[in-house]
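Enquirer: I'm passing along data.txt; it holds compact mmCIF, C-alpha atoms.
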```txt
# COMPACT_ATOMS: atom_id res chain seq x y z
CA MET A 110 -36.74 96.40 181.41
CA SER A 111 -40.20 95.11 182.26
CA GLY A 112 -41.37 98.63 183.06
CA ASP A 113 -40.20 99.97 179.67
CA SER A 114 -41.83 97.12 177.76
CA ALA A 115 -45.11 97.71 179.59
CA LYS A 116 -45.41 101.33 178.45
CA PRO A 117 -46.33 100.64 174.80
CA ARG A 118 -48.88 98.08 175.90
CA ASP A 119 -50.36 100.51 178.41
CA GLY A 120 -50.45 103.24 175.79
CA ALA A 121 -52.16 101.01 173.25
CA GLN A 122 -54.71 99.96 175.86
CA ALA A 123 -55.55 103.57 176.62
CA VAL A 124 -56.00 104.29 172.91
CA HIS A 125 -58.31 101.31 172.45
CA ARG A 126 -60.34 102.29 175.50
CA THR A 127 -60.62 105.89 174.30
CA LEU A 128 -61.80 104.77 170.86
CA ALA A 129 -64.33 102.40 172.45
CA LEU A 130 -65.78 105.31 174.40
CA LEU A 131 -66.00 107.48 171.28
CA HIS A 132 -67.77 104.71 169.35
CA CYS A 133 -70.52 104.71 171.98
CA PHE A 134 -71.62 108.13 170.78
CA GLY A 135 -72.05 106.85 167.24
CA ASP A 136 -74.54 104.27 168.47
CA SER A 137 -76.54 106.70 170.60
CA PRO A 138 -78.49 109.75 169.44
CA GLN A 139 -78.36 111.19 172.96
CA ASP A 140 -75.68 112.39 175.36
CA LEU A 141 -74.36 109.75 177.75
CA SER A 142 -73.38 109.76 181.40
CA ALA A 143 -70.09 108.41 182.70
CA SER A 144 -71.92 105.39 184.16
CA ASP A 145 -73.62 104.76 180.80
CA LEU A 146 -70.26 104.75 179.08
CA ALA A 147 -68.60 102.57 181.71
CA ARG A 148 -71.39 100.02 181.38
CA ARG A 149 -71.28 100.00 177.57
CA THR A 150 -67.52 99.51 177.44
CA ASP A 151 -67.09 97.32 180.53
CA LEU A 152 -64.57 99.77 181.92
CA PRO A 153 -64.13 100.69 185.59
CA LEU A 154 -65.92 103.91 186.40
CA SER A 155 -62.69 105.51 187.65
CA THR A 156 -60.94 104.71 184.34
CA THR A 157 -63.91 106.03 182.40
CA HIS A 158 -63.86 109.31 184.33
CA ARG A 159 -60.14 109.73 183.68
CA LEU A 160 -60.46 109.17 179.95
CA LEU A 161 -63.53 111.39 179.71
CA GLN A 162 -61.69 114.22 181.41
CA ALA A 163 -58.83 113.96 178.90
CA MET A 164 -61.21 113.91 175.93
CA THR A 165 -63.19 116.85 177.29
CA ALA A 166 -60.03 118.89 177.83
CA THR A 167 -59.03 118.38 174.18
CA GLY A 168 -62.47 119.10 172.74
CA PHE A 169 -63.24 115.57 171.55
CA LEU A 170 -66.12 115.53 174.03
CA GLU A 171 -68.02 118.19 175.91
CA GLN A 172 -69.92 117.92 179.18
CA ASP A 173 -73.29 119.50 179.85
CA ARG A 174 -73.04 121.61 183.01
CA ASP A 175 -76.61 120.91 184.07
CA THR A 176 -76.83 117.16 183.43
CA ALA A 177 -73.13 116.20 183.64
CA ARG A 178 -73.70 114.04 180.56
CA TYR A 179 -71.20 113.90 177.71
CA GLY A 180 -71.61 114.52 173.99
CA LEU A 181 -69.32 114.79 170.98
CA GLY A 182 -67.27 117.97 171.08
CA PRO A 183 -66.09 120.58 168.56
CA THR A 184 -62.84 118.77 167.78
CA MET A 185 -64.82 115.78 166.52
CA ALA A 186 -66.95 118.07 164.37
CA GLU A 187 -63.84 119.78 163.02
CA LEU A 188 -62.10 116.52 162.12
CA GLY A 189 -65.25 114.96 160.72
CA ARG A 190 -65.87 117.92 158.44
CA ALA A 191 -62.25 117.93 157.30
CA ALA A 192 -62.32 114.19 156.52
CA TYR A 193 -65.65 114.51 154.71
CA HIS A 194 -64.31 117.15 152.35
CA ARG A 195 -60.82 115.71 151.91
CA ARG A 196 -62.37 112.40 150.83
CA GLY A 197 -64.48 114.34 148.33
CA LEU A 198 -67.73 113.07 149.79
CA HIS A 199 -69.40 116.46 149.41
CA ARG A 200 -69.10 115.96 145.66
CA ALA A 201 -71.16 112.77 145.91
CA GLU A 202 -74.16 114.54 147.47
CA PRO A 203 -75.66 115.99 144.27
CA GLU A 204 -75.15 112.71 142.39
CA LEU A 205 -76.98 110.74 145.06
CA ALA A 206 -79.73 113.33 145.38
CA ALA A 207 -80.33 113.19 141.62
CA LEU A 208 -80.35 109.37 141.72
CA SER A 209 -82.86 109.34 144.57
CA GLN A 210 -85.10 111.83 142.77
CA ARG A 211 -84.87 109.91 139.50
CA THR A 212 -85.71 106.54 141.04
CA GLY A 213 -88.01 107.66 143.85
CA VAL A 214 -86.18 105.56 146.44
CA THR A 215 -83.47 105.98 149.07
CA ALA A 216 -79.91 106.23 147.72
CA ASP A 217 -76.90 105.66 150.02
CA LEU A 218 -73.13 105.44 149.72
CA ALA A 219 -71.10 103.35 152.17
CA VAL A 220 -67.58 102.17 152.95
CA ARG A 221 -66.35 99.16 154.85
CA VAL A 222 -65.12 99.53 158.42
CA GLY A 223 -64.27 96.11 159.85
CA ALA A 224 -67.33 93.88 159.69
CA ARG A 225 -69.71 96.78 159.00
CA ALA A 226 -70.80 98.90 156.09
CA VAL A 227 -70.88 102.53 157.22
CA ILE A 228 -73.17 104.90 155.31
CA LEU A 229 -71.39 108.22 154.72
CA VAL A 230 -73.65 110.01 152.25
CA GLY A 231 -77.27 109.58 151.25
CA SER A 232 -80.96 109.79 151.96
CA SER A 233 -80.83 107.55 155.05
CA LEU A 234 -78.77 110.14 156.91
CA ALA A 235 -81.64 112.62 156.76
CA ASN A 236 -83.57 110.57 159.33
CA ASP A 237 -80.77 109.08 161.42
CA HIS A 238 -81.37 111.45 164.39
CA GLY A 239 -77.65 111.73 165.07
CA ARG A 240 -76.95 107.98 165.13
CA ALA A 241 -74.19 106.49 163.00
CA LEU A 242 -75.51 104.19 160.28
CA ARG A 243 -73.49 100.99 160.45
CA ARG A 244 -74.82 97.83 158.87
CA PRO A 245 -73.58 94.21 159.05
CA LEU A 246 -71.76 93.15 155.90
CA HIS A 247 -73.32 89.71 155.58
CA SER A 248 -76.98 90.78 155.71
CA THR A 249 -76.97 93.87 153.49
CA ALA A 250 -76.59 94.58 149.79
CA LEU A 251 -74.03 97.26 150.62
CA GLY A 252 -71.99 94.77 152.62
CA LYS A 253 -72.18 92.04 149.99
CA VAL A 254 -70.82 94.45 147.37
CA LEU A 255 -67.95 95.52 149.63
CA LEU A 256 -67.10 91.87 150.24
CA ALA A 257 -67.55 90.59 146.68
CA TRP A 258 -65.23 93.18 145.15
CA SER A 259 -62.39 92.81 147.66
CA ASP A 260 -59.33 90.63 148.06
CA ALA A 261 -60.09 86.99 148.82
CA ALA A 262 -58.71 87.26 152.36
CA ASP A 263 -60.94 90.25 153.08
CA ARG A 264 -64.08 88.33 152.12
CA GLU A 265 -63.80 86.27 155.29
CA ILE A 266 -65.54 88.22 158.07
CA GLY A 267 -65.54 85.49 160.70
CA THR A 268 -68.37 84.00 162.66
CA PRO A 269 -70.99 84.10 163.94
CA LEU A 270 -73.03 85.62 161.14
CA THR A 271 -75.81 86.97 163.32
CA PRO A 272 -79.33 86.62 161.86
CA GLN A 273 -81.25 89.86 161.41
CA THR A 274 -84.35 88.13 159.99
CA ASP A 275 -85.23 84.57 159.04
CA ARG A 276 -83.78 85.31 155.56
CA THR A 277 -80.30 86.33 156.74
CA ILE A 278 -77.43 84.20 155.46
CA THR A 279 -75.76 82.75 158.54
CA ASP A 280 -73.67 79.94 157.02
CA PRO A 281 -70.15 81.06 155.94
CA GLN A 282 -70.10 78.73 152.92
CA ALA A 283 -73.51 79.97 151.80
CA LEU A 284 -72.20 83.55 152.08
CA ARG A 285 -69.16 82.68 149.95
CA GLU A 286 -71.45 81.24 147.29
CA GLU A 287 -73.64 84.33 147.46
CA LEU A 288 -70.62 86.58 146.89
CA ILE A 289 -69.69 84.59 143.79
CA ARG A 290 -73.22 85.16 142.47
CA VAL A 291 -73.03 88.85 143.34
CA ARG A 292 -69.76 89.28 141.45
CA ALA A 293 -71.11 87.44 138.42
CA ALA A 294 -74.36 89.43 138.39
CA GLY A 295 -72.69 92.82 138.81
CA TYR A 296 -74.93 93.80 141.73
CA ALA A 297 -76.08 92.59 145.15
CA LEU A 298 -79.61 92.14 146.42
CA ASN A 299 -80.90 92.28 149.98
CA ASP A 300 -84.43 90.92 149.99
CA GLY A 301 -85.61 91.13 153.59
CA GLU A 302 -82.31 89.85 154.98
CA SER A 303 -81.66 92.86 157.23
CA ALA A 304 -85.24 93.98 157.89
CA SER A 305 -88.59 92.59 156.86
CA GLY A 306 -90.29 94.43 154.02
CA VAL A 307 -87.08 96.06 152.77
CA ARG A 308 -85.47 95.38 149.40
CA THR A 309 -82.13 96.88 148.43
CA VAL A 310 -80.00 96.64 145.30
CA ALA A 311 -76.35 97.72 145.45
CA VAL A 312 -73.42 98.11 143.06
CA PRO A 313 -69.71 98.83 143.56
CA VAL A 314 -67.80 102.05 143.00
CA LEU A 315 -64.64 100.43 141.65
CA ASP A 316 -61.02 101.53 141.63
CA ALA A 317 -58.19 100.66 139.25
CA ASP A 318 -57.60 97.33 141.04
CA ASP A 319 -61.25 96.31 140.59
CA HIS A 320 -61.88 96.74 144.31
CA ALA A 321 -65.02 98.31 145.73
CA ARG A 322 -63.87 101.56 147.31
CA PHE A 323 -67.52 102.35 148.04
CA ALA A 324 -70.87 100.62 147.69
CA LEU A 325 -73.93 102.40 146.30
CA ALA A 326 -77.40 101.18 147.23
CA LEU A 327 -81.00 101.89 146.31
CA ARG A 328 -83.47 100.92 149.05
CA SER A 329 -87.25 100.68 149.20
CA SER A 330 -89.90 97.96 149.48
CA PRO A 331 -90.53 94.92 147.26
CA GLU A 332 -93.64 96.68 146.00
CA VAL A 333 -91.45 99.47 144.57
CA ILE A 334 -88.29 97.57 143.62
CA THR A 335 -90.20 94.76 141.95
CA GLY A 336 -88.65 91.79 140.21
CA GLU A 337 -89.68 93.24 136.86
CA ARG A 338 -87.98 96.59 137.59
CA LEU A 339 -84.93 95.23 139.40
CA GLY A 340 -82.75 95.50 136.31
CA TRP A 341 -83.72 99.14 135.79
CA PHE A 342 -82.86 100.04 139.38
CA ALA A 343 -79.53 98.21 139.12
CA GLU A 344 -78.67 100.02 135.88
CA GLN A 345 -79.54 103.39 137.39
CA ALA A 346 -77.31 102.65 140.37
CA ALA A 347 -74.48 101.47 138.09
CA ALA A 348 -74.63 104.66 136.02
CA CYS A 349 -74.36 106.74 139.17
CA ALA A 350 -71.48 104.58 140.45
CA THR A 351 -69.58 105.28 137.23
CA ALA A 352 -70.02 109.03 137.78
CA LEU A 353 -68.91 108.67 141.41
CA GLU A 354 -65.69 106.96 140.34
CA VAL A 355 -64.74 110.23 138.65
CA VAL A 356 -65.66 112.55 141.53
CA LEU A 357 -64.40 110.37 144.39
CA LEU A 358 -61.20 108.76 143.06
CA PRO A 359 -57.97 110.45 141.95
CA PRO A 360 -57.15 109.99 138.24
CA ASN A 361 -54.43 107.41 138.88
CA ARG A 362 -56.84 105.23 140.89
CA ARG A 363 -59.76 105.25 138.44
CA ARG A 364 -60.83 102.16 136.59
CA THR A 365 -60.02 102.03 132.88
CA GLY A 366 -61.99 98.93 131.87
CA PRO A 367 -65.74 98.44 131.45
CA ARG A 368 -68.08 98.20 134.41
CA PRO A 369 -69.45 94.80 135.44
CA VAL A 370 -72.41 93.94 133.27
CA ILE A 371 -75.73 93.73 135.11
CA ALA A 372 -76.92 90.16 134.61
CA LEU A 373 -80.41 89.40 135.86
CA PRO A 374 -81.41 85.80 136.69
```
Mind turning the file's structure into C-alpha cells?

Expert:
Amino acid sequence: MSGDSAKPRDGAQAVHRTLALLHCFGDSPQDLSASDLARRTDLPLSTTHRLLQAMTATGFLEQDRDTARYGLGPTMAELGRAAYHRRGLHRAEPELAALSQRTGVTADLAVRVGARAVILVGSSLANDHGRALRRPLHSTALGKVLLAWSDAADREIGTPLTPQTDRTITDPQALREELIRVRAAGYALNDGESASGVRTVAVPVLDADDHARFALALRSSPEVITGERLGWFAEQAAACATALEVVLLPPNRRRTGPRPVIALP
C-alpha cells in the first residue's frame, strides 16, 4: 500500500525536477554543464545526470560531444514553434513591428506565468541573446496590467516584493492601490521601477471576460516617453491592443464592449 501511494509522489517529483532543469536554459544564453545544472537546482549530481540522460534521449536536450555541456534540443524547438503558431503569435509580429516603427520605441507583448510577465513577441527579443525575457509582475508595466485586469484572487502574488530599484513598489497594500489606479486609468506606467532610466507604458489585450490575456508595452526613456506625450503613447498602444484582440483571440472570446478609456492624471 505504501509503495503504491509513493509512486505518484515520486513521479510528480521527477516531473518538477525535470522542469526545473529545463527552466535553467531559459535563464542562460549559454550551454550548461551537469554540475552547473545541479548547482542551480540544488539537485544531487547523480540525479541530475539521470534526468539529463532521459531528456537527451528524447531530444529535449542535446549534449555537445566536445564540451559535454547541454543545450536545448530539437524537440524543444519543435514544440516551441508549434505553440507559437497555434497561439497565433506569429500574427502579432507585423502589428508590433508597425507599432514600434510608428512610435520609435520598443514594443513587446507578454503573458503571465506565475509571478512573472514573459515576453513572447516584440522588439526586446531581437537583443535577448537566447535568454528568456521574464519580468517581475510588481515592478513592470506589463506585470501591473496582467494583475489589474485579472480575478481578485490572482492579483495577490505573495511576498516578498523584491525591489529592483529604489522606486519599486514593495508594500503589498501599496501595490493593490496601484492596481486600482491602473484599472481606472486604462494603462500602467513603470517609471524607473524595474531599471533606472527606463519608462514603460502598457495596456491590456482583453478577452470577453474583461481579463488581460496579454499585456502590450511601449518602452523607452523618460526623455522619449515624456509626461506631455504619455497619453499619445498610451493611445497608440491601446489601438494596437484592439487589433491584437482580433488576431489573437477566437471570435467567441473577443470583447464586445468598449476599451478602457485612457485617463491621464

Enquirer: Measuring atom to atom with all atoms listed in the file, identify which of A:Glu344, A:Arg328, A:Arg244, A:Ile371 is nearest to Gly213 of chain A.

Expert: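 For Gly213 of chain A, the nearest of the given residues is A:Arg328.
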
Enquirer: If we count only C-alpha atoms and set the cut-off at 12 Å, which residues sit around Ala352 of chain A, ignoring sequence neighbours fewer than 2 positions away in its own chain? Please answer as a tab-separated table (two decimals) with C-alpha atoms, in the coordinates of the input.

Expert:
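Below is the file out31.tsv, written as the result:
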```tsv
chain	number	residue	atom	x	y	z
A	200	ARG	CA	-69.10	115.96	145.66
A	201	ALA	CA	-71.16	112.77	145.91
A	202	GLU	CA	-74.16	114.54	147.47
A	203	PRO	CA	-75.66	115.99	144.27
A	204	GLU	CA	-75.15	112.71	142.39
A	205	LEU	CA	-76.98	110.74	145.06
A	207	ALA	CA	-80.33	113.19	141.62
A	208	LEU	CA	-80.35	109.37	141.72
A	313	PRO	CA	-69.71	98.83	143.56
A	314	VAL	CA	-67.80	102.05	143.00
A	315	LEU	CA	-64.64	100.43	141.65
A	325	LEU	CA	-73.93	102.40	146.30
A	345	GLN	CA	-79.54	103.39	137.39
A	346	ALA	CA	-77.31	102.65	140.37
A	347	ALA	CA	-74.48	101.47	138.09
A	348	ALA	CA	-74.63	104.66	136.02
A	349	CYS	CA	-74.36	106.74	139.17
A	350	ALA	CA	-71.48	104.58	140.45
A	354	GLU	CA	-65.69	106.96	140.34
A	355	VAL	CA	-64.74	110.23	138.65
A	356	VAL	CA	-65.66	112.55	141.53
A	357	LEU	CA	-64.40	110.37	144.39
A	358	LEU	CA	-61.20	108.76	143.06
A	363	ARG	CA	-59.76	105.25	138.44
A	364	ARG	CA	-60.83	102.16	136.59
A	368	ARG	CA	-68.08	98.20	134.41
```

Enquirer: Determine, counting only C-alpha atoms, which protein, DNA and RNA residues have an atom within 8 Å of an atom of Ser209 of chain A; residues of the same chain fewer than 5 positions away are not included. Present the result as a PyMOL selection string.

Expert: chain A and resi 214-216+232+327

Enquirer: Excluding same-chain residues fewer than 6 positions from segment 162-175 of chain A, what lies within 10 Å of it counting all atoms listed in the file, as a list in words?

Expert: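 Once the nearby chain positions are removed, what remains is Thr127, Leu130, Leu131, Phe134, Asp140, Leu141, Ser142, Thr156, Leu181, Gly182, Pro183, Thr184, Met185, Ala186, Glu187 and Leu188 of chain A.
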
Enquirer: Around all of segment 160-171 of chain A's listed atoms, make the axis-aligned box with 6 Å on each side and tell me centre and edge lengths in Å to one decimal, as AutoDock Vina command-line options.

Expert:
```
--center_x -63.4 --center_y 114.1 --center_z 176.5 --size_x 21.2 --size_y 21.9 --size_z 21.9
```

Enquirer: Taking a cut-off of 12 Å and counting only C-alpha atoms, can you build a table that, for each residue of segment 200-265 of chain A near segment 274-285 of chain A, reports the nearest atom pair and how far apart they are in Å (one decimal), sorted by chain then residue number, as JSON lines?

Expert:
```
{"residue": "A:Pro245", "atom": "CA", "partner": "A:Thr277", "partner_atom": "CA", "distance": 10.6}
{"residue": "A:Leu246", "atom": "CA", "partner": "A:Leu284", "partner_atom": "CA", "distance": 10.3}
{"residue": "A:His247", "atom": "CA", "partner": "A:Ile278", "partner_atom": "CA", "distance": 6.9}
{"residue": "A:Ser248", "atom": "CA", "partner": "A:Thr277", "partner_atom": "CA", "distance": 5.6}
{"residue": "A:Thr249", "atom": "CA", "partner": "A:Thr277", "partner_atom": "CA", "distance": 8.9}
{"residue": "A:Ala250", "atom": "CA", "partner": "A:Thr277", "partner_atom": "CA", "distance": 11.4}
{"residue": "A:Gly252", "atom": "CA", "partner": "A:Leu284", "partner_atom": "CA", "distance": 11.2}
{"residue": "A:Lys253", "atom": "CA", "partner": "A:Leu284", "partner_atom": "CA", "distance": 8.7}
{"residue": "A:Val254", "atom": "CA", "partner": "A:Leu284", "partner_atom": "CA", "distance": 12.0}
{"residue": "A:Leu256", "atom": "CA", "partner": "A:Arg285", "partner_atom": "CA", "distance": 9.4}
{"residue": "A:Ala257", "atom": "CA", "partner": "A:Arg285", "partner_atom": "CA", "distance": 8.7}
{"residue": "A:Ala261", "atom": "CA", "partner": "A:Arg285", "partner_atom": "CA", "distance": 10.1}
{"residue": "A:Ala262", "atom": "CA", "partner": "A:Arg285", "partner_atom": "CA", "distance": 11.7}
{"residue": "A:Asp263", "atom": "CA", "partner": "A:Arg285", "partner_atom": "CA", "distance": 11.6}
{"residue": "A:Arg264", "atom": "CA", "partner": "A:Arg285", "partner_atom": "CA", "distance": 7.9}
{"residue": "A:Glu265", "atom": "CA", "partner": "A:Pro281", "partner_atom": "CA", "distance": 8.2}
```

Enquirer: With C-alpha atoms retained, could you export that selection as a short mmCIF file (atom, residue, chain, number, x, y, z; two decimals), in the frame of the given file?

Expert:
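Ended up saving to result15.cif:
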```
data_model
loop_
_atom_site.label_atom_id
_atom_site.label_comp_id
_atom_site.auth_asym_id
_atom_site.auth_seq_id
_atom_site.Cartn_x
_atom_site.Cartn_y
_atom_site.Cartn_z
CA PRO A 245 -73.58 94.21 159.05
CA LEU A 246 -71.76 93.15 155.90
CA HIS A 247 -73.32 89.71 155.58
CA SER A 248 -76.98 90.78 155.71
CA THR A 249 -76.97 93.87 153.49
CA ALA A 250 -76.59 94.58 149.79
CA GLY A 252 -71.99 94.77 152.62
CA LYS A 253 -72.18 92.04 149.99
CA VAL A 254 -70.82 94.45 147.37
CA LEU A 256 -67.10 91.87 150.24
CA ALA A 257 -67.55 90.59 146.68
CA ALA A 261 -60.09 86.99 148.82
CA ALA A 262 -58.71 87.26 152.36
CA ASP A 263 -60.94 90.25 153.08
CA ARG A 264 -64.08 88.33 152.12
CA GLU A 265 -63.80 86.27 155.29
#
```

Enquirer: Between atom CA of Gln273 of chain A and atom CA of Ser303 of chain A, what distance in Å does the model show, to one decimal?

Expert: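 We find that atom CA of Gln273 of chain A and atom CA of Ser303 of chain A lie 5.2 Å from each other.
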
Enquirer: With distances taken over all atoms listed in the file, which residue among A:Leu339, A:Cys133, A:Leu152, A:Leu198 lies nearest Gly180 of chain A?

Expert: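 Once distances to Gly180 of chain A are computed over all atoms listed in the file, the minimum belongs to A:Cys133.
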
Enquirer: So how far away is atom CA of Gly295 of chain A from atom CA of Trp258 of chain A, in Å?

Expert: 9.8 Å

Enquirer: Which residue is closest to Pro360 of chain A? Choose from A:Ala317, A:Ala343, A:Ala324, A:Leu242 and count all atoms listed in the file.

Expert: A:Ala317

Enquirer: What is the atom CA of Thr309 of chain A to atom CA of Ser329 of chain A distance in Å?

Expert: 6.4 Å

Enquirer: Could you give me, as an MDAnalysis selection string, the residues within 9 Å of Leu154 of chain A, counting only C-alpha atoms and dropping anything in the same chain fewer than 5 positions from it?

Expert: chainID A and resid 143:144 146:148 159

Enquirer: Using only C-alpha atoms for the distances, tell me which of A:Phe323, A:Thr365, A:Asp300, A:Gln139 is nearest to Thr335 of chain A.

Expert: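 Of all the options, A:Asp300 lies closest to Thr335 of chain A.
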